[in-house]
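Colleague: target-v2.tsv is the file, holding TSV, C-alpha atoms:
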chain	number	residue	atom	x	y	z
A	91	MET	CA	84.20	179.11	-72.16
A	92	GLY	CA	83.51	177.62	-68.74
A	93	LEU	CA	83.61	179.25	-65.37
A	94	PHE	CA	87.24	180.23	-65.42
A	95	GLY	CA	89.73	181.42	-68.00
A	96	LEU	CA	93.26	180.08	-67.91
A	97	GLY	CA	94.71	183.25	-69.40
A	98	LYS	CA	97.52	183.36	-71.93
A	99	LYS	CA	99.63	180.24	-72.15
A	100	LYS	CA	103.02	181.93	-72.49
A	101	LYS	CA	105.24	181.35	-69.51
A	102	ALA	CA	105.98	177.69	-69.00
A	103	LYS	CA	108.80	175.90	-67.30
A	104	LYS	CA	110.49	173.61	-69.77
A	105	GLU	CA	111.41	170.17	-68.51
A	106	PRO	CA	114.35	168.17	-69.84
A	107	LYS	CA	113.55	166.22	-72.96
A	108	LYS	CA	112.97	162.53	-72.48
A	109	GLU	CA	115.73	160.41	-73.93
A	110	VAL	CA	114.14	158.77	-76.94
A	111	LYS	CA	115.68	155.50	-77.94
A	112	GLU	CA	117.73	155.69	-81.12
A	113	GLU	CA	115.76	152.86	-82.69
A	114	PHE	CA	112.51	154.81	-82.33
A	115	GLU	CA	111.06	155.75	-85.68
A	116	LEU	CA	107.65	157.17	-86.39
A	117	GLY	CA	107.06	154.63	-89.13
A	118	SER	CA	104.14	154.43	-91.53
A	119	GLU	CA	101.67	153.81	-88.70
A	120	GLY	CA	103.12	156.34	-86.28
A	121	VAL	CA	101.74	159.72	-85.24
A	122	LYS	CA	103.32	162.75	-83.63
A	123	PHE	CA	101.04	165.18	-81.85
A	124	VAL	CA	100.94	168.08	-79.39
A	125	ALA	CA	98.55	167.78	-76.44
A	126	ILE	CA	97.60	170.29	-73.78
A	127	ILE	CA	96.32	169.05	-70.44
A	128	GLU	CA	94.74	171.67	-68.17
A	129	LEU	CA	94.07	171.45	-64.46
A	130	LEU	CA	92.12	173.60	-62.02
A	131	GLY	CA	92.46	173.06	-58.29
A	132	SER	CA	93.86	174.14	-54.95
A	133	PRO	CA	96.30	174.62	-53.34
A	134	LYS	CA	98.90	175.83	-55.82
A	135	LYS	CA	101.39	173.04	-55.04
A	136	TYR	CA	98.74	170.37	-55.57
A	137	VAL	CA	98.07	171.64	-59.10
A	138	SER	CA	101.78	171.66	-59.96
A	139	ASP	CA	102.45	168.21	-58.42
A	140	THR	CA	99.42	166.68	-60.14
A	141	LEU	CA	100.52	167.86	-63.58
A	142	LYS	CA	104.01	166.47	-62.93
A	143	SER	CA	102.49	163.13	-61.96
A	144	TYR	CA	100.49	163.14	-65.22
A	145	VAL	CA	103.69	163.56	-67.18
A	146	GLU	CA	105.44	160.81	-65.21
A	147	ALA	CA	102.51	158.45	-65.80
A	148	ILE	CA	102.66	159.04	-69.55
A	149	LYS	CA	106.44	158.51	-69.55
A	150	LYS	CA	105.91	155.08	-67.99
A	151	ASN	CA	103.44	154.12	-70.72
A	152	PRO	CA	105.39	152.14	-73.36
A	153	ASP	CA	102.95	153.19	-76.08
A	154	PHE	CA	103.96	156.85	-75.92
A	155	TYR	CA	107.22	158.79	-76.22
A	156	ILE	CA	107.32	162.27	-74.72
A	157	LEU	CA	109.57	164.33	-76.97
A	158	SER	CA	109.19	167.51	-74.91
A	159	SER	CA	107.07	168.85	-72.06
A	160	LYS	CA	106.37	172.33	-70.74
A	161	ILE	CA	104.56	172.83	-67.44
A	162	SER	CA	103.21	176.30	-66.76
A	163	THR	CA	103.39	178.02	-63.40
A	164	PRO	CA	100.00	177.77	-61.63
A	165	LYS	CA	98.16	181.08	-61.60
A	166	LYS	CA	95.11	182.26	-59.71
A	167	ALA	CA	92.07	181.34	-61.80
A	168	GLU	CA	90.20	184.30	-63.20
A	169	LYS	CA	86.44	184.49	-63.45
A	170	ASP	CA	85.00	184.32	-66.92
A	171	GLU	CA	83.16	187.62	-67.28
A	172	LYS	CA	81.07	186.18	-70.11
A	173	ASP	CA	79.71	183.44	-67.87
A	174	PRO	CA	77.14	184.80	-65.37
A	175	GLN	CA	77.38	181.62	-63.26
A	176	SER	CA	80.96	182.43	-62.30
A	177	LYS	CA	80.21	185.69	-60.47
A	178	ASP	CA	79.41	183.98	-57.15
A	179	ILE	CA	82.22	181.45	-57.29
A	180	LYS	CA	85.28	181.96	-55.11
A	181	THR	CA	88.49	182.41	-57.05
A	182	ASP	CA	90.74	180.61	-54.59
A	183	LEU	CA	91.61	178.06	-57.26
A	184	PHE	CA	94.75	177.84	-59.37
A	185	ALA	CA	94.95	177.00	-63.06
A	186	ALA	CA	97.86	175.48	-64.92
A	187	PHE	CA	98.58	173.40	-68.00
A	188	VAL	CA	101.20	171.11	-69.46
A	189	GLU	CA	102.05	171.13	-73.16
A	190	LEU	CA	103.36	167.82	-74.42
A	191	GLU	CA	104.88	166.78	-77.72
A	192	VAL	CA	104.19	163.08	-77.97
A	193	ALA	CA	104.93	160.36	-80.49
A	194	THR	CA	103.40	156.93	-80.84
A	195	LYS	CA	104.19	154.12	-83.28
A	196	ARG	CA	100.54	153.17	-83.72
A	197	LYS	CA	97.97	155.73	-84.83
A	198	ALA	CA	95.23	153.86	-82.98
A	199	LYS	CA	96.93	154.81	-79.70
A	200	LEU	CA	96.01	158.43	-80.33
A	201	PHE	CA	92.44	157.57	-79.32
A	202	ASP	CA	93.70	155.79	-76.20
A	203	PHE	CA	95.67	158.89	-75.23
A	204	CYS	CA	92.55	161.06	-75.52
A	205	PHE	CA	90.44	158.75	-73.37
A	206	ASN	CA	93.10	158.00	-70.74
A	207	TYR	CA	94.61	161.46	-70.23
A	208	MET	CA	91.71	163.76	-71.23
A	209	PRO	CA	93.66	166.55	-72.99
A	210	SER	CA	91.80	169.81	-73.48
A	211	SER	CA	93.22	170.10	-76.99
A	212	ILE	CA	95.26	167.95	-79.34
A	213	GLU	CA	96.99	168.75	-82.62
A	214	VAL	CA	98.43	166.15	-84.97
A	215	VAL	CA	101.81	167.32	-86.23
A	216	GLU	CA	102.94	164.38	-88.33
A	217	PRO	CA	101.95	162.94	-90.74
A	218	MET	CA	99.83	165.54	-92.50
A	219	ASN	CA	97.52	162.88	-93.90
A	220	ILE	CA	96.38	159.76	-92.02
A	221	THR	CA	94.75	156.89	-93.86
A	222	TYR	CA	92.42	154.40	-92.20
A	223	SER	CA	90.98	151.28	-93.71
A	224	ALA	CA	87.28	150.59	-93.35
A	225	ASN	CA	88.02	147.85	-90.81
A	226	GLU	CA	90.28	150.13	-88.77
A	227	MET	CA	87.72	152.95	-88.75
A	228	SER	CA	84.97	150.53	-87.75
A	229	LYS	CA	87.09	149.25	-84.87
A	230	TYR	CA	87.92	152.77	-83.66
A	231	LEU	CA	84.31	153.87	-83.81
A	232	THR	CA	83.21	150.73	-81.97
A	233	ASP	CA	85.80	151.38	-79.25
A	234	ILE	CA	84.63	154.99	-78.94
A	235	GLN	CA	80.99	153.94	-78.69
A	236	GLY	CA	81.90	151.32	-76.11
A	237	THR	CA	83.68	153.94	-74.01
A	238	LEU	CA	80.80	156.39	-74.31
A	239	HIS	CA	78.28	153.71	-73.32
A	240	HIS	CA	80.43	152.80	-70.32
A	241	VAL	CA	80.58	156.46	-69.25
A	242	ASP	CA	76.82	156.79	-69.76
A	243	PHE	CA	76.17	153.63	-67.72
A	244	THR	CA	78.44	154.87	-64.93
A	245	LEU	CA	76.69	158.25	-64.83
A	246	LYS	CA	73.29	156.55	-64.65
A	247	GLN	CA	74.51	154.38	-61.77
A	248	VAL	CA	75.77	157.47	-59.93
A	249	ASN	CA	72.48	159.30	-60.54
A	250	ALA	CA	70.50	156.30	-59.34
A	251	ALA	CA	72.66	156.04	-56.22
A	252	ASN	CA	72.18	159.76	-55.54
A	253	GLN	CA	68.42	159.42	-55.91
A	254	ILE	CA	68.37	156.53	-53.45
A	255	LEU	CA	70.56	158.49	-51.03
A	256	ASN	CA	68.35	161.58	-51.33
A	257	GLN	CA	65.26	159.47	-50.72
A	258	ARG	CA	66.86	157.91	-47.65
A	259	ASN	CA	67.81	161.35	-46.35
A	260	GLN	CA	64.24	162.55	-46.88
A	261	ASN	CA	62.90	159.51	-45.02
A	262	ILE	CA	65.37	160.08	-42.18
A	263	SER	CA	64.36	163.74	-41.99
A	264	ARG	CA	60.67	162.85	-41.87
A	265	ASN	CA	61.30	160.26	-39.18
A	266	MET	CA	63.34	162.71	-37.12
A	267	ILE	CA	60.60	165.34	-37.37
A	268	GLN	CA	57.99	162.81	-36.32
A	269	MET	CA	60.14	161.69	-33.40
A	270	LEU	CA	60.62	165.31	-32.29
A	271	GLN	CA	56.89	165.98	-32.48
A	272	ASN	CA	56.17	162.85	-30.48
A	273	ASN	CA	58.76	163.92	-27.91
A	274	ILE	CA	57.06	167.33	-27.57
A	275	ILE	CA	53.65	165.73	-27.12
A	276	LEU	CA	54.96	163.27	-24.51
A	277	SER	CA	56.63	166.13	-22.66
A	278	LEU	CA	53.35	168.08	-22.57
A	279	LYS	CA	51.45	164.99	-21.48
A	280	GLU	CA	53.81	164.64	-18.56
A	281	LYS	CA	53.19	168.25	-17.60
A	282	ASN	CA	50.99	170.66	-19.54
A	283	ASN	CA	51.71	174.39	-20.00
A	284	LYS	CA	55.43	174.48	-20.66
A	285	SER	CA	57.52	177.35	-21.94
A	286	LEU	CA	59.82	177.20	-24.96
A	287	ASP	CA	62.83	176.86	-22.66
A	288	ASP	CA	61.16	174.01	-20.77
A	289	LEU	CA	60.49	172.08	-23.98
A	290	ALA	CA	64.00	172.80	-25.22
A	291	LYS	CA	65.42	171.20	-22.09
A	292	ASN	CA	63.10	168.19	-22.42
A	293	THR	CA	63.84	167.57	-26.09
A	294	GLY	CA	67.51	168.58	-26.15
A	295	VAL	CA	66.87	170.94	-29.08
A	296	PRO	CA	68.01	174.60	-28.79
A	297	PRO	CA	65.08	177.06	-28.43
A	298	ASP	CA	65.76	178.87	-31.71
A	299	GLN	CA	65.70	175.56	-33.61
A	300	LEU	CA	62.73	174.15	-31.70
A	301	LYS	CA	60.42	177.14	-32.14
A	302	PRO	CA	59.72	176.57	-35.88
A	303	PHE	CA	58.54	173.03	-35.08
A	304	LEU	CA	56.32	174.31	-32.30
A	305	ASP	CA	54.87	176.98	-34.61
A	306	LYS	CA	53.98	174.31	-37.17
A	307	MET	CA	52.34	172.15	-34.52
A	308	VAL	CA	50.36	175.16	-33.30
A	309	ALA	CA	49.27	175.93	-36.89
A	310	ALA	CA	48.27	172.28	-37.39
A	311	GLY	CA	46.16	172.38	-34.21
A	312	GLU	CA	48.22	169.73	-32.45
A	313	ILE	CA	49.20	172.05	-29.58
A	314	LYS	CA	48.27	175.59	-28.54
A	315	LEU	CA	50.18	178.62	-27.31
A	316	ASP	CA	48.75	180.82	-24.58
A	317	LYS	CA	50.78	183.46	-22.72
A	318	GLU	CA	54.06	181.97	-23.91
A	319	LYS	CA	53.05	178.56	-22.58
A	320	TYR	CA	52.50	175.52	-24.77
A	321	SER	CA	49.85	172.94	-23.98
A	322	LEU	CA	48.04	170.06	-25.63
A	323	VAL	CA	44.80	170.66	-27.47
A	324	LYS	CA	41.97	168.87	-25.77
A	325	LYS	CA	40.08	166.57	-28.13
Would you mind writing the file out in structure tokens?

Modeller:
Amino acid sequence: MGLFGLGKKKKAKKEPKKEVKEEFELGSEGVKFVAIIELLGSPKKYVSDTLKSYVEAIKKNPDFYILSSKISTPKKAEKDEKDPQSKDIKTDLFAAFVELEVATKRKAKLFDFCFNYMPSSIEVVEPMNITYSANEMSKYLTDIQGTLHHVDFTLKQVNAANQILNQRNQNISRNMIQMLQNNIILSLKEKNNKSLDDLAKNTGVPPDQLKPFLDKMVAAGEIKLDKEKYSLVKK
């Protein structure tokens, strides 16, 4: 059910119906359907404005005719009690949905609507039976597979980029640690037997953040601690 429940979809603000041209007819290839698009986000106004922009974008698409639209009032998202992962998530998000009754003259456009506008649910209202030829079905399935492969390729690119970024961050962290250790050693070479505060001033690292590094260097035998003074280990 996901991390959040949207609650009952009852109260919705009805928008004026779009003026459908008189010459519009569903035709033998046309389809009428009801789609619900859900959105979760913050702040409340952003959720409402985004859903309105979705509706406006669909209205501008010549392939679709919005017969009616109902936009719900954004409500505070509730945690899904059945999902244990949601217990630690802050509920400062708002959930809303828009219910659209849409018509299109070409049944193939129904697939385009699903891919472009990502409805959470869709219900075909008319006609009750839709016939596809073998060639049409093959084309639709090929288009779907092409879209899925594109999504898969994009996700793999993102994952690869994240791996490279993580590796770079790890390398930067290692280099920074090595530079800090070298700085500590150089500071002790300049003057042996320095306190934590002295080394903090020399390195520019706060004492509470520097101490763990010093403890590791002491454990590794690189430096020693005697009476709260750090010094180099003679080799």

Colleague: What separation in Å, quoted to one decimal, exists between CA of Lys135 (chain A) and CA of Tyr207 (chain A)?

Modeller: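 Here the two named atoms are 20.3 Å from each other.
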
Colleague: Just give me the gap between CA of Pro302 (chain A) and CA of Gln253 (chain A) in Å, one decimal is fine.

Modeller: 27.8 Å

Colleague: I'd like the contact shell of Asp316 (chain A) - 12 Å cut-off, all atoms listed in the file, skipping same-chain residues fewer than 4 positions apart - returned as a list in words.

Modeller: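 Once the adjacent positions are removed, what remains is Asn282, Asn283, Lys284, Ser285, Leu286, Val308, Tyr320, Ser321, Leu322 and Val323 of chain A.
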
Colleague: Can you measure CA of Leu190 (chain A) to CA of Asp153 (chain A) for me? One decimal in Å is fine.

Modeller: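 Result for CA of Leu190 (chain A) versus CA of Asp153 (chain A): 14.7 Å, one decimal.
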
Colleague: Would you please work out which residue, of A:Glu119, A:Glu168, A:Asp305, A:Glu128, is nearest to Pro217 (chain A) when using only C-alpha atoms?

Modeller: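 Among the listed residues, the smallest separation from Pro217 (chain A) belongs to A:Glu119.
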
Colleague: Which one is closest to Thr232 (chain A): A:Phe201, A:Tyr136, A:Gln257, A:Ile161? Count all atoms listed in the file.

Modeller: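 When distances to Thr232 (chain A) are compared using all atoms listed in the file, the smallest one comes from A:Phe201.
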
Colleague: Would you list the contacts of Lys122 (chain A) as number ranges by chain, taking every protein, DNA or RNA residue within 6 Å and counting all atoms listed in the file, but skipping same-chain residues closer than 2 positions in sequence?

Modeller: A: 192-193, 215-216

Colleague: Rank A:Val188, A:Val121, A:Leu270, A:Leu300 by their smallest atom-to-atom distance to Lys142 (chain A), using only C-alpha atoms, and report the top residue only.

Modeller: A:Val188

Colleague: Measuring atom to atom with all atoms listed in the file, identify which of A:Val295, A:Ile313, A:Ala198, A:Leu245 is nearest to Lys279 (chain A).

Modeller: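 Closest candidate: A:Ile313.
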